[in-house]
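Enquirer: My structure is in data_8.txt, and what it holds is compact mmCIF, C-alpha atoms:
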# COMPACT_ATOMS: atom_id res chain seq x y z
CA MET X 137 -5.83 9.96 19.47
CA THR X 138 -3.91 7.59 21.72
CA GLY X 139 -4.29 4.80 19.17
CA GLU X 140 -2.92 7.02 16.40
CA LYS X 141 0.13 7.89 18.51
CA LYS X 142 0.79 4.22 19.21
CA LYS X 143 0.54 3.40 15.51
CA LYS X 144 2.92 6.25 14.73
CA LYS X 145 5.43 5.01 17.31
CA ARG X 146 5.27 1.50 15.89
CA LEU X 147 5.79 2.92 12.38
CA ASN X 148 8.80 4.93 13.58
CA ARG X 149 10.36 1.83 15.15
CA SER X 150 9.68 -0.24 12.04
CA ILE X 151 11.29 2.33 9.74
CA LEU X 152 14.31 2.73 12.04
CA LEU X 153 14.70 -1.05 12.16
CA ALA X 154 14.36 -1.27 8.38
CA LYS X 155 17.12 1.32 7.97
CA LYS X 156 19.42 -0.70 10.20
CA ILE X 157 18.66 -3.89 8.29
CA ILE X 158 19.35 -2.20 4.96
CA ILE X 159 22.67 -0.89 6.25
CA LYS X 160 23.69 -4.31 7.58
CA ASP X 161 22.73 -5.93 4.29
CA GLY X 162 25.30 -3.87 2.44
CA GLY X 163 23.44 -0.61 1.92
CA THR X 164 26.09 1.43 3.70
CA PRO X 165 27.64 4.18 1.60
CA GLN X 166 31.19 5.29 2.12
CA GLY X 167 31.93 6.24 5.70
CA PHE X 168 33.23 4.93 9.01
CA GLY X 169 30.83 2.53 10.73
CA GLU X 170 27.09 2.94 11.02
CA PRO X 171 25.53 6.43 11.11
CA SER X 172 25.56 7.81 14.64
CA VAL X 173 24.94 11.01 16.56
CA TYR X 174 28.70 11.32 16.99
CA HIS X 175 29.18 11.85 13.26
CA ALA X 176 26.78 14.81 13.49
CA VAL X 177 28.55 16.09 16.61
CA VAL X 178 31.97 16.17 14.91
CA VAL X 179 30.59 18.02 11.86
CA ILE X 180 28.97 20.72 14.01
CA PHE X 181 32.01 21.05 16.30
CA LEU X 182 34.52 21.60 13.49
CA GLU X 183 32.30 24.06 11.60
CA PHE X 184 31.63 26.33 14.53
CA PHE X 185 35.10 25.94 16.04
CA ALA X 186 36.47 27.40 12.80
CA TRP X 187 34.09 30.36 13.04
CA GLY X 188 34.75 30.77 16.77
CA LEU X 189 38.44 31.37 16.06
CA LEU X 190 37.44 34.42 14.02
CA THR X 191 35.46 36.18 16.80
CA THR X 192 38.14 38.78 17.56
CA PRO X 193 39.49 39.28 13.99
CA MET X 194 35.94 39.66 12.68
CA LEU X 195 35.16 42.52 15.07
CA THR X 196 38.27 44.32 13.86
CA VAL X 197 37.64 43.72 10.15
CA LEU X 198 33.99 44.76 10.52
CA HIS X 199 34.92 48.11 12.02
CA GLN X 200 37.78 48.70 9.59
CA THR X 201 35.55 47.94 6.60
CA PHE X 202 32.56 49.96 7.84
CA PRO X 203 33.95 52.68 10.14
CA GLN X 204 30.67 54.56 9.85
CA HIS X 205 27.39 52.90 10.89
CA THR X 206 29.15 49.69 11.94
CA PHE X 207 26.16 48.28 13.82
CA LEU X 208 23.79 49.09 10.96
CA MET X 209 25.98 47.37 8.36
CA ASN X 210 26.45 44.39 10.68
CA GLY X 211 22.67 44.12 10.92
CA LEU X 212 22.18 44.38 7.16
CA ILE X 213 24.79 41.68 6.43
CA HIS X 214 23.17 39.26 8.86
CA GLY X 215 19.76 40.36 7.60
CA VAL X 216 20.44 39.34 4.00
CA LYS X 217 22.00 36.06 5.13
CA GLY X 218 19.07 35.24 7.40
CA LEU X 219 16.46 36.04 4.75
CA LEU X 220 18.18 33.76 2.24
CA SER X 221 18.35 30.99 4.87
CA PHE X 222 14.63 31.36 5.46
CA LEU X 223 13.93 30.95 1.74
CA SER X 224 16.29 28.01 1.20
CA ALA X 225 16.00 25.91 4.38
CA PRO X 226 12.69 24.14 3.49
CA LEU X 227 14.00 23.41 -0.02
CA ILE X 228 17.24 21.88 1.23
CA GLY X 229 15.36 19.93 3.89
CA ALA X 230 12.92 18.52 1.30
CA LEU X 231 15.71 17.60 -1.10
CA SER X 232 17.65 15.85 1.66
CA ASP X 233 14.53 13.72 2.35
CA VAL X 234 14.76 12.51 -1.26
CA TRP X 235 18.47 12.48 -2.11
CA GLY X 236 19.98 11.75 1.29
CA ARG X 237 21.67 13.78 4.03
CA LYS X 238 25.38 13.38 3.30
CA SER X 239 25.52 15.37 0.05
CA PHE X 240 23.60 18.23 1.64
CA LEU X 241 25.79 18.19 4.73
CA LEU X 242 28.75 18.63 2.41
CA LEU X 243 26.99 21.42 0.51
CA THR X 244 25.89 23.38 3.58
CA VAL X 245 29.22 23.11 5.41
CA PHE X 246 31.20 24.08 2.30
CA PHE X 247 29.20 27.24 1.60
CA THR X 248 28.91 28.20 5.28
CA CYS X 249 32.72 28.12 5.59
CA ALA X 250 33.48 29.53 2.12
CA PRO X 251 33.80 33.16 3.35
CA ILE X 252 36.54 32.36 5.90
CA PRO X 253 39.67 32.71 3.70
CA LEU X 254 38.24 35.88 2.12
CA MET X 255 38.60 37.77 5.42
CA LYS X 256 42.25 38.52 4.61
CA ILE X 257 42.04 38.35 0.82
CA SER X 258 39.27 40.94 0.44
CA PRO X 259 37.11 42.12 3.37
CA TRP X 260 34.46 43.49 1.01
CA TRP X 261 34.14 40.12 -0.74
CA TYR X 262 34.20 38.45 2.69
CA PHE X 263 31.08 40.29 3.86
CA ALA X 264 29.40 39.92 0.45
CA VAL X 265 29.94 36.15 0.44
CA ILE X 266 28.75 35.90 4.07
CA SER X 267 25.49 37.52 2.98
CA MET X 268 25.08 35.24 -0.03
CA SER X 269 26.11 32.10 1.89
CA GLY X 270 22.76 32.24 3.65
CA VAL X 271 21.36 30.25 0.73
CA PHE X 272 23.18 27.16 2.05
CA ALA X 273 23.98 28.13 5.66
CA VAL X 274 21.39 25.74 7.11
CA THR X 275 23.60 22.97 8.46
CA PHE X 276 21.47 22.52 11.57
CA SER X 277 18.34 21.52 9.63
CA VAL X 278 20.25 18.75 7.82
CA ILE X 279 22.04 17.67 11.02
CA PHE X 280 18.78 17.41 12.99
CA ALA X 281 17.20 15.42 10.14
CA TYR X 282 20.31 13.17 10.17
CA VAL X 283 19.86 12.61 13.90
CA ALA X 284 16.13 11.92 13.48
CA ASP X 285 16.97 9.22 10.91
CA ILE X 286 19.05 7.22 13.35
CA THR X 287 17.30 7.71 16.70
CA GLN X 288 14.00 6.63 18.15
CA GLU X 289 11.48 9.19 19.30
CA HIS X 290 12.27 8.93 23.02
CA GLU X 291 16.00 9.42 22.30
CA ARG X 292 15.75 12.56 20.18
CA SER X 293 15.55 15.24 22.86
CA THR X 294 18.79 13.92 24.37
CA ALA X 295 20.42 13.64 20.93
CA TYR X 296 19.33 17.14 19.94
CA GLY X 297 20.61 18.44 23.26
CA LEU X 298 23.98 16.79 22.59
CA VAL X 299 24.20 18.42 19.15
CA SER X 300 23.26 21.84 20.56
CA ALA X 301 25.72 21.38 23.40
CA THR X 302 28.43 20.62 20.84
CA PHE X 303 27.75 23.99 19.26
CA ALA X 304 28.34 25.58 22.66
CA ALA X 305 31.41 23.41 23.24
CA SER X 306 32.96 24.59 19.98
CA LEU X 307 32.83 28.13 21.36
CA VAL X 308 34.33 27.32 24.75
CA THR X 309 37.96 27.61 23.68
CA SER X 310 38.00 28.79 20.07
CA PRO X 311 37.41 32.54 20.70
CA ALA X 312 40.13 32.55 23.38
CA ILE X 313 42.54 30.68 21.08
CA GLY X 314 41.71 33.06 18.24
CA ALA X 315 42.20 36.14 20.42
CA TYR X 316 45.58 34.86 21.70
CA LEU X 317 46.87 33.96 18.24
CA SER X 318 45.64 37.29 16.87
CA VAL X 319 47.62 39.24 19.44
CA ALA X 320 50.72 37.01 19.31
CA TYR X 321 50.98 36.25 15.58
CA GLY X 322 48.43 38.39 13.78
CA ASP X 323 45.03 37.83 12.20
CA THR X 324 46.46 36.10 9.12
CA LEU X 325 47.48 33.01 11.10
CA VAL X 326 44.02 32.84 12.69
CA VAL X 327 42.33 32.94 9.29
CA ILE X 328 44.67 30.24 7.93
CA LEU X 329 43.96 28.00 10.94
CA ALA X 330 40.19 28.53 10.63
CA THR X 331 40.37 27.70 6.92
CA ALA X 332 42.32 24.52 7.63
CA ILE X 333 39.73 23.39 10.21
CA ALA X 334 36.90 24.10 7.76
CA LEU X 335 38.68 21.98 5.12
CA LEU X 336 39.12 19.22 7.73
CA ASP X 337 35.37 19.31 8.35
CA ILE X 338 34.66 18.94 4.61
CA CYS X 339 37.12 16.04 4.34
CA PHE X 340 35.52 14.38 7.38
CA ILE X 341 32.10 14.49 5.71
CA LEU X 342 33.51 13.13 2.45
CA VAL X 343 35.48 10.29 4.01
CA ALA X 344 34.00 9.41 7.39
CA VAL X 345 30.31 10.36 7.51
CA PRO X 346 27.98 7.54 6.37
CA GLU X 347 24.61 8.24 4.83
CA SER X 348 21.80 8.12 7.41
CA LEU X 349 19.02 7.73 4.84
CA PRO X 350 19.71 4.57 2.77
CA GLU X 351 18.67 4.73 -0.87
CA LYS X 352 16.06 2.02 -0.42
CA MET X 353 14.36 4.12 2.24
CA ARG X 354 14.08 7.29 0.13
CA PRO X 355 10.83 8.24 -1.60
CA ALA X 356 12.76 8.72 -4.86
CA SER X 357 13.65 5.05 -4.87
CA TRP X 358 9.94 4.24 -4.78
CA GLY X 359 9.33 6.40 -7.86
CA ALA X 360 7.72 9.28 -5.95
CA PRO X 361 8.31 12.76 -7.40
CA ILE X 362 9.84 15.61 -5.39
CA SER X 363 7.19 17.76 -3.76
CA TRP X 364 8.35 21.23 -4.69
CA GLU X 365 5.38 22.69 -2.86
CA GLN X 366 6.86 21.38 0.38
CA ALA X 367 10.12 23.14 -0.46
CA ASP X 368 8.42 26.51 -0.96
CA PRO X 369 8.88 28.47 2.31
CA PHE X 370 5.66 30.42 1.79
CA ALA X 371 3.71 27.22 1.07
CA SER X 372 5.21 25.77 4.26
CA LEU X 373 4.04 28.82 6.20
CA ARG X 374 0.54 28.49 4.74
CA LYS X 375 0.42 24.85 5.83
CA VAL X 376 1.46 25.83 9.33
CA GLY X 377 -1.96 27.32 9.99
CA GLN X 378 -3.62 23.96 9.30
CA ASP X 379 -1.97 22.32 12.32
CA SER X 380 -2.49 24.17 15.58
CA THR X 381 0.44 22.42 17.29
CA VAL X 382 2.90 23.25 14.53
CA LEU X 383 1.52 26.80 14.34
CA LEU X 384 2.15 27.38 18.04
CA ILE X 385 5.64 25.88 17.77
CA CYS X 386 6.52 28.14 14.84
CA ILE X 387 5.19 31.23 16.62
CA THR X 388 7.22 30.25 19.68
CA VAL X 389 10.38 29.86 17.60
CA PHE X 390 9.83 33.20 15.88
CA LEU X 391 9.04 35.24 19.00
CA SER X 392 11.81 33.65 21.08
CA TYR X 393 14.58 33.70 18.49
CA LEU X 394 13.92 37.17 16.99
CA PRO X 395 15.29 39.14 19.98
CA GLU X 396 17.97 36.50 20.61
CA ALA X 397 19.27 36.73 17.03
CA GLY X 398 19.51 40.51 17.25
CA GLN X 399 21.22 40.23 20.62
CA TYR X 400 23.86 37.77 19.38
CA SER X 401 24.63 39.82 16.27
CA SER X 402 25.79 42.83 18.29
CA PHE X 403 26.41 41.46 21.77
CA PHE X 404 30.19 41.09 21.62
CA LEU X 405 30.50 44.58 20.16
CA TYR X 406 28.27 45.77 23.01
CA LEU X 407 30.45 44.10 25.64
CA ARG X 408 33.58 45.68 24.16
CA GLN X 409 32.13 49.12 23.54
CA VAL X 410 29.70 49.77 26.40
CA ILE X 411 30.68 47.48 29.27
CA GLY X 412 34.43 47.84 28.63
CA PHE X 413 35.35 44.17 28.19
CA THR X 414 38.74 43.49 26.60
CA SER X 415 39.07 40.89 23.84
CA GLU X 416 40.47 38.44 26.42
CA THR X 417 37.49 39.03 28.73
CA VAL X 418 35.04 38.51 25.86
CA ALA X 419 36.76 35.20 25.03
CA ALA X 420 36.59 34.14 28.70
CA PHE X 421 32.91 35.14 28.83
CA ILE X 422 32.11 33.01 25.77
CA ALA X 423 34.00 30.07 27.28
CA VAL X 424 32.18 30.22 30.63
CA VAL X 425 28.75 30.60 29.04
CA GLY X 426 29.62 27.79 26.63
CA ILE X 427 30.55 25.40 29.45
CA LEU X 428 27.35 26.24 31.32
CA SER X 429 25.34 25.74 28.11
CA ILE X 430 26.88 22.29 27.65
CA LEU X 431 25.76 21.30 31.15
CA ALA X 432 22.31 22.78 30.56
CA GLN X 433 21.75 21.01 27.22
CA THR X 434 23.02 17.62 28.34
CA VAL X 435 22.53 17.02 32.07
CA VAL X 436 19.79 19.57 32.90
CA LEU X 437 17.79 19.04 29.70
CA GLY X 438 17.63 15.27 30.18
CA ILE X 439 16.47 15.63 33.80
CA LEU X 440 13.82 18.21 32.91
CA MET X 441 12.46 16.21 29.96
CA ARG X 442 11.99 13.17 32.18
CA SER X 443 10.59 15.04 35.19
CA ILE X 444 8.39 17.85 33.85
CA GLY X 445 7.91 16.89 30.19
CA ASN X 446 8.66 18.47 26.84
CA LYS X 447 6.18 21.36 26.96
CA ASN X 448 7.10 22.50 30.47
CA THR X 449 10.79 22.30 29.58
CA ILE X 450 10.18 24.71 26.69
CA LEU X 451 8.22 27.07 28.98
CA LEU X 452 11.03 27.02 31.56
CA GLY X 453 13.62 27.76 28.86
CA LEU X 454 11.53 30.69 27.61
CA GLY X 455 11.31 32.01 31.16
CA PHE X 456 15.09 31.96 31.48
CA GLN X 457 15.35 33.72 28.11
CA ILE X 458 13.06 36.58 29.20
CA LEU X 459 15.12 36.99 32.37
CA GLN X 460 18.49 37.05 30.58
CA LEU X 461 17.31 39.54 27.93
CA ALA X 462 15.97 41.90 30.62
CA TRP X 463 19.13 41.48 32.71
CA TYR X 464 21.39 42.30 29.77
CA GLY X 465 19.22 45.27 28.85
CA PHE X 466 19.15 46.88 32.28
CA GLY X 467 22.56 45.71 33.51
CA SER X 468 25.37 48.25 33.53
CA GLN X 469 28.17 46.52 35.46
CA PRO X 470 30.48 43.69 34.31
CA TRP X 471 29.32 41.36 37.11
CA MET X 472 25.75 41.76 35.85
CA MET X 473 26.81 40.54 32.41
CA TRP X 474 28.44 37.46 33.92
CA ALA X 475 25.33 36.68 35.97
CA ALA X 476 23.07 37.19 32.96
CA GLY X 477 25.36 34.87 30.98
CA ALA X 478 24.62 32.05 33.43
CA VAL X 479 20.88 32.61 32.93
CA ALA X 480 21.40 32.72 29.15
CA ALA X 481 23.09 29.32 29.34
CA MET X 482 20.00 27.87 31.01
CA SER X 483 17.78 29.36 28.31
CA SER X 484 19.69 27.30 25.71
CA ILE X 485 17.53 24.27 26.58
CA THR X 486 14.66 25.78 24.57
CA PHE X 487 15.73 24.96 21.01
CA PRO X 488 16.60 21.25 21.44
CA ALA X 489 13.32 20.79 23.33
CA ILE X 490 11.41 22.48 20.50
CA SER X 491 13.24 20.39 17.88
CA ALA X 492 12.29 17.22 19.76
CA ILE X 493 8.59 18.10 19.87
CA VAL X 494 8.61 19.05 16.17
CA SER X 495 10.28 15.77 15.26
CA ARG X 496 7.73 13.85 17.29
CA ASN X 497 4.86 15.43 15.33
CA ALA X 498 6.41 14.69 11.90
CA ASP X 499 6.36 11.55 9.79
CA PRO X 500 9.69 9.68 9.49
CA ASP X 501 10.08 10.58 5.81
CA GLN X 502 9.36 14.27 6.47
CA GLN X 503 12.05 15.02 9.06
CA GLY X 504 14.11 17.12 6.64
CA VAL X 505 11.10 19.23 5.69
CA VAL X 506 9.98 19.99 9.25
CA GLN X 507 13.50 20.67 10.53
CA GLY X 508 14.04 22.84 7.45
CA MET X 509 10.89 24.77 8.27
CA ILE X 510 12.04 25.46 11.84
CA THR X 511 15.55 26.34 10.63
CA GLY X 512 13.96 28.58 7.99
CA ILE X 513 12.05 30.51 10.65
CA ARG X 514 15.24 30.83 12.66
CA GLY X 515 16.91 32.04 9.49
CA LEU X 516 14.19 34.67 9.08
CA CYS X 517 14.84 35.76 12.66
CA ASN X 518 18.58 35.82 11.92
CA GLY X 519 17.71 38.30 9.18
CA LEU X 520 15.14 40.46 10.93
CA GLY X 521 16.75 40.49 14.40
CA PRO X 522 20.19 41.90 13.46
CA ALA X 523 18.63 44.33 10.98
CA LEU X 524 16.22 45.55 13.67
CA TYR X 525 18.97 45.93 16.28
CA GLY X 526 21.26 47.64 13.77
CA PHE X 527 18.51 50.10 12.84
CA VAL X 528 17.79 50.87 16.52
CA PHE X 529 21.52 51.52 17.13
CA TYR X 530 21.53 53.76 14.06
CA LEU X 531 18.47 55.73 15.24
CA PHE X 532 20.14 56.41 18.58
CA HIS X 533 23.50 57.29 16.96
CA VAL X 534 25.32 54.35 18.54
CA GLU X 535 28.60 53.80 16.72
CA LEU X 536 32.00 52.25 17.41
CA SER X 537 34.54 54.88 18.31
CA GLU X 538 37.50 52.55 18.86
CA ILE X 539 38.24 48.84 18.77
CA ASP X 540 41.69 47.35 19.05
CA PRO X 541 42.12 43.56 19.09
CA ALA X 542 45.41 43.88 20.96
CA GLU X 543 44.11 46.16 23.70
CA SER X 544 44.82 45.15 27.27
CA PRO X 545 43.40 46.30 30.60
CA GLU X 546 46.60 48.24 31.28
CA LYS X 547 45.85 50.58 28.39
CA GLY X 548 43.24 52.10 30.60
CA ALA X 549 40.89 54.13 28.47
CA LYS X 550 37.48 52.60 28.17
CA PRO X 551 35.96 53.06 24.70
CA ASN X 552 32.94 55.32 24.53
CA MET X 553 29.83 55.22 22.41
CA ALA X 554 30.37 57.64 19.57
CA ASN X 555 27.79 59.95 18.05
CA PRO X 556 28.53 60.27 14.31
CA THR X 557 27.59 63.94 14.46
CA ASP X 558 30.39 64.54 16.98
CA GLU X 559 33.56 65.33 15.01
CA VAL X 560 35.81 64.90 18.02
CA SER X 561 34.74 61.31 18.70
CA GLY X 562 34.98 60.28 15.06
CA ASP X 563 38.58 61.21 14.33
CA LYS X 564 40.46 57.91 13.85
CA ILE X 565 40.01 54.24 14.44
Show this structure as structure tokens.
Expert:
Amino acid sequence: MTGEKKKKKRLNRSILLAKKIIIKDGGTPQGFGEPSVYHAVVVIFLEFFAWGLLTTPMLTVLHQTFPQHTFLMNGLIHGVKGLLSFLSAPLIGALSDVWGRKSFLLLTVFFTCAPIPLMKISPWWYFAVISMSGVFAVTFSVIFAYVADITQEHERSTAYGLVSATFAASLVTSPAIGAYLSVAYGDTLVVILATAIALLDICFILVAVPESLPEKMRPASWGAPISWEQADPFASLRKVGQDSTVLLICITVFLSYLPEAGQYSSFFLYLRQVIGFTSETVAAFIAVVGILSILAQTVVLGILMRSIGNKNTILLGLGFQILQLAWYGFGSQPWMMWAAGAVAAMSSITFPAISAIVSRNADPDQQGVVQGMITGIRGLCNGLGPALYGFVFYLFHVELSEIDPAESPEKGAKPNMANPTDEVSGDKI
């Protein structure tokens, strides 16, 4: 087994070296410089910064569009999107292994950001397109495959941590900026700004991002056909059972991300409605947790990977996740939410550690497929988790009674959970 691992490491180094030689020999497609992790970081930052700006306006539009059963509809929207991501992620990952990463980065970012301008044009179309965008909303699988193309095995956990930390960094200031602009100038300006940043991200991919998988290194250039069986999500799941390591990883991803996906889909509504956070406090909360997540996924993750190893790092992250979920569930005071947020930031080390171990167990020309499989399972969780949470809220008659993006602490009245059968609490938004 040790000999096989050594052979695999030598093969990985040889392929990475071959890619660099091909690029230096004139195989570089349009873009600035050689492919690097920083290209991936900029793409992720701009995409999620644009969506972070819409945190406050989206809560308002969601409640205005679905005044009854808001949580349930929120869960259904995310449910459809997540299910479509689950079905499409392995396909997109397999195609990117054959046709290159850049075109699929462009495709996924474009369709992920396509709903943004519709928020003000037509809220109904906005939520419909969000649901349908799940077919291509798998940027992370392509980004992680991009990173795997240009890094050696021992570098990947750090690189994946940097990419995940960039996601957190994009949310440090964008919700606060969005909330301020929404109050000062209205939601329309926020939507226009978010649209402009999304367009900037698309232009950056077109102009600046070089291809990480040179044409000479693609199976298609060797005359190999596309393996559509690999792209089938159900075929991928059937193959999972044949490898005990991959099976355990996939089960870990599913069980850990299912409750987390449901939590994230309704958490900011929960903070506003139950705990009594204002929009400014929610933005500050996101910023603090984001900063702590950056530290966890860069400094702490690197130390843990070197000191206790990949597997123990995953176990530690899962332990933090159990603690933060329980703390949020039983906590009833604002200070408890802040403390649980710090624990949640530490739990963010789990996914980059899992991505690193998955990448290590995959062949160099199969990185898109395996990352697509993991992203697909996360997409399935993004579908089932919000739908499950929304249904639970619906069963217990938990509805939004009031949500005002411009509310301030001086306005006093804390919103209450509304029972839809109570006519008094359901008068007006």
Enquirer: For Leu223 of chain X, which of X:Ile458, X:Ala273, X:Ile252, X:Leu190 is the closest residue, counting only C-alpha atoms?
Expert: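 Result for the nearest residue to Leu223 of chain X: X:Ala273.
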Enquirer: Using Å and a single decimal, report how far atom CA of Asn518 of chain X sits from atom CA of Val179 of chain X.
Expert: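 Interatomic distance, atom CA of Val179 of chain X to atom CA of Asn518 of chain X: 21.5 Å.
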Enquirer: Using only C-alpha atoms, which of X:Phe421, X:Phe272, X:Phe340, X:Phe303 sits nearest Phe247 of chain X?
Expert: X:Phe272
Enquirer: Rank X:Val245, X:Val216, X:Ala230, X:Val425 by their smallest atom-to-atom distance to Leu335 of chain X, using all atoms listed in the file, and report the top residue only.
Expert: X:Val245
Enquirer: Tell me, in Å to one decimal, how far atom CA of Thr191 of chain X is from atom CA of Ser306 of chain X.
Expert: 12.3 Å
Enquirer: So the first atom is atom CA of Gly211 of chain X and the second is atom CA of Gly526 of chain X; what is the distance between them in Å, to one decimal place?
Expert: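 Separation between atom CA of Gly211 of chain X and atom CA of Gly526 of chain X: 4.7 Å.
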Enquirer: Nearest residue to Thr309 of chain X out of X:Phe413, X:Leu407, X:Ala423, X:Pro522, using only C-alpha atoms?
Expert: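 Under the stated criterion, the closest residue is X:Ala423.
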Enquirer: Mind listing whatever residues come within 8 Å of the point (8.8, 11.3, 19.1)? Use all atoms listed in the file, file coordinates, and give them as a list of chain:residue names.
Expert: X:Lys145, X:Gln288, X:Glu289, X:His290, X:Arg292, X:Ala492, X:Ile493, X:Ser495, X:Arg496, X:Asn497
Enquirer: Near Glu396 of chain X, counting all atoms listed in the file, which residues have an atom at most 9 Å away, once you skip same-chain residues fewer than 6 positions from it, shown as a PyMOL selection string?
Expert: chain X and resi 457+461+517-518+521
Enquirer: Write a file of the selected residues as a tab-separated table (two decimals), keeping the file's coordinate frame, keeping C-alpha atoms.
Expert:
chain	number	residue	atom	x	y	z
X	457	GLN	CA	15.35	33.72	28.11
X	461	LEU	CA	17.31	39.54	27.93
X	517	CYS	CA	14.84	35.76	12.66
X	518	ASN	CA	18.58	35.82	11.92
X	521	GLY	CA	16.75	40.49	14.40
Enquirer: With all atoms listed in the file as the basis for distance, which of X:Ile430, X:Val382, X:Leu212, X:Ala419 is at the shortest distance from Phe404 of chain X?
Expert: X:Ala419
Enquirer: Find the residues around Arg514 of chain X up to 10 Å (only C-alpha atoms counted), leave out those fewer than 2 positions away in its own chain, and share them as a PDB file with C-alpha atoms, in the frame of the given file.
Expert:
ATOM      1  CA  GLY X 218      19.070  35.240   7.400  1.00  0.00           C
ATOM      2  CA  LEU X 219      16.460  36.040   4.750  1.00  0.00           C
ATOM      3  CA  SER X 221      18.350  30.990   4.870  1.00  0.00           C
ATOM      4  CA  PHE X 222      14.630  31.360   5.460  1.00  0.00           C
ATOM      5  CA  ALA X 225      16.000  25.910   4.380  1.00  0.00           C
ATOM      6  CA  VAL X 274      21.390  25.740   7.110  1.00  0.00           C
ATOM      7  CA  CYS X 386       6.520  28.140  14.840  1.00  0.00           C
ATOM      8  CA  VAL X 389      10.380  29.860  17.600  1.00  0.00           C
ATOM      9  CA  PHE X 390       9.830  33.200  15.880  1.00  0.00           C
ATOM     10  CA  LEU X 391       9.040  35.240  19.000  1.00  0.00           C
ATOM     11  CA  SER X 392      11.810  33.650  21.080  1.00  0.00           C
ATOM     12  CA  TYR X 393      14.580  33.700  18.490  1.00  0.00           C
ATOM     13  CA  LEU X 394      13.920  37.170  16.990  1.00  0.00           C
ATOM     14  CA  ALA X 397      19.270  36.730  17.030  1.00  0.00           C
ATOM     15  CA  GLY X 508      14.040  22.840   7.450  1.00  0.00           C
ATOM     16  CA  MET X 509      10.890  24.770   8.270  1.00  0.00           C
ATOM     17  CA  ILE X 510      12.040  25.460  11.840  1.00  0.00           C
ATOM     18  CA  THR X 511      15.550  26.340  10.630  1.00  0.00           C
ATOM     19  CA  GLY X 512      13.960  28.580   7.990  1.00  0.00           C
ATOM     20  CA  LEU X 516      14.190  34.670   9.080  1.00  0.00           C
ATOM     21  CA  CYS X 517      14.840  35.760  12.660  1.00  0.00           C
ATOM     22  CA  ASN X 518      18.580  35.820  11.920  1.00  0.00           C
ATOM     23  CA  GLY X 519      17.710  38.300   9.180  1.00  0.00           C
ATOM     24  CA  LEU X 520      15.140  40.460  10.930  1.00  0.00           C
ATOM     25  CA  GLY X 521      16.750  40.490  14.400  1.00  0.00           C
TER      26      GLY X 521
END
Enquirer: Using only C-alpha atoms, which residue out of X:Leu405, X:Ile180, X:Val283, X:Leu451 lies closest to Met194 of chain X?
Expert: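 Closest residue, counting only C-alpha atoms: X:Leu405.
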Enquirer: Find the residues around Asp323 of chain X up to 9 Å (only C-alpha atoms counted), leave out those fewer than 3 positions away in its own chain, and share them as a list in words.
Expert: Leu190, Thr192, Pro193, Lys256, Gly314, Ala315, Leu317, Ser318, Val319, Val326, Val327 and Ile328 of chain X
Enquirer: Any chance you could work out the axis-aligned box around segment 399-407 of chain X, listed atoms only, 4 Å on each side, giving centre and edge lengths in Å to one decimal, as lines of an AutoDock Vina configuration file?
Expert:
center_x = 25.9
center_y = 41.8
center_z = 21.0
size_x = 17.3
size_y = 16.0
size_z = 17.4
Enquirer: Within 8 Å of (30.4, 43.1, 31.4) (coordinates as in the file), grab all the protein and nucleic acid residues, counting all atoms listed in the file, and write them out as a ChimeraX atom specification.
Expert: /X:407,411-413,468-474
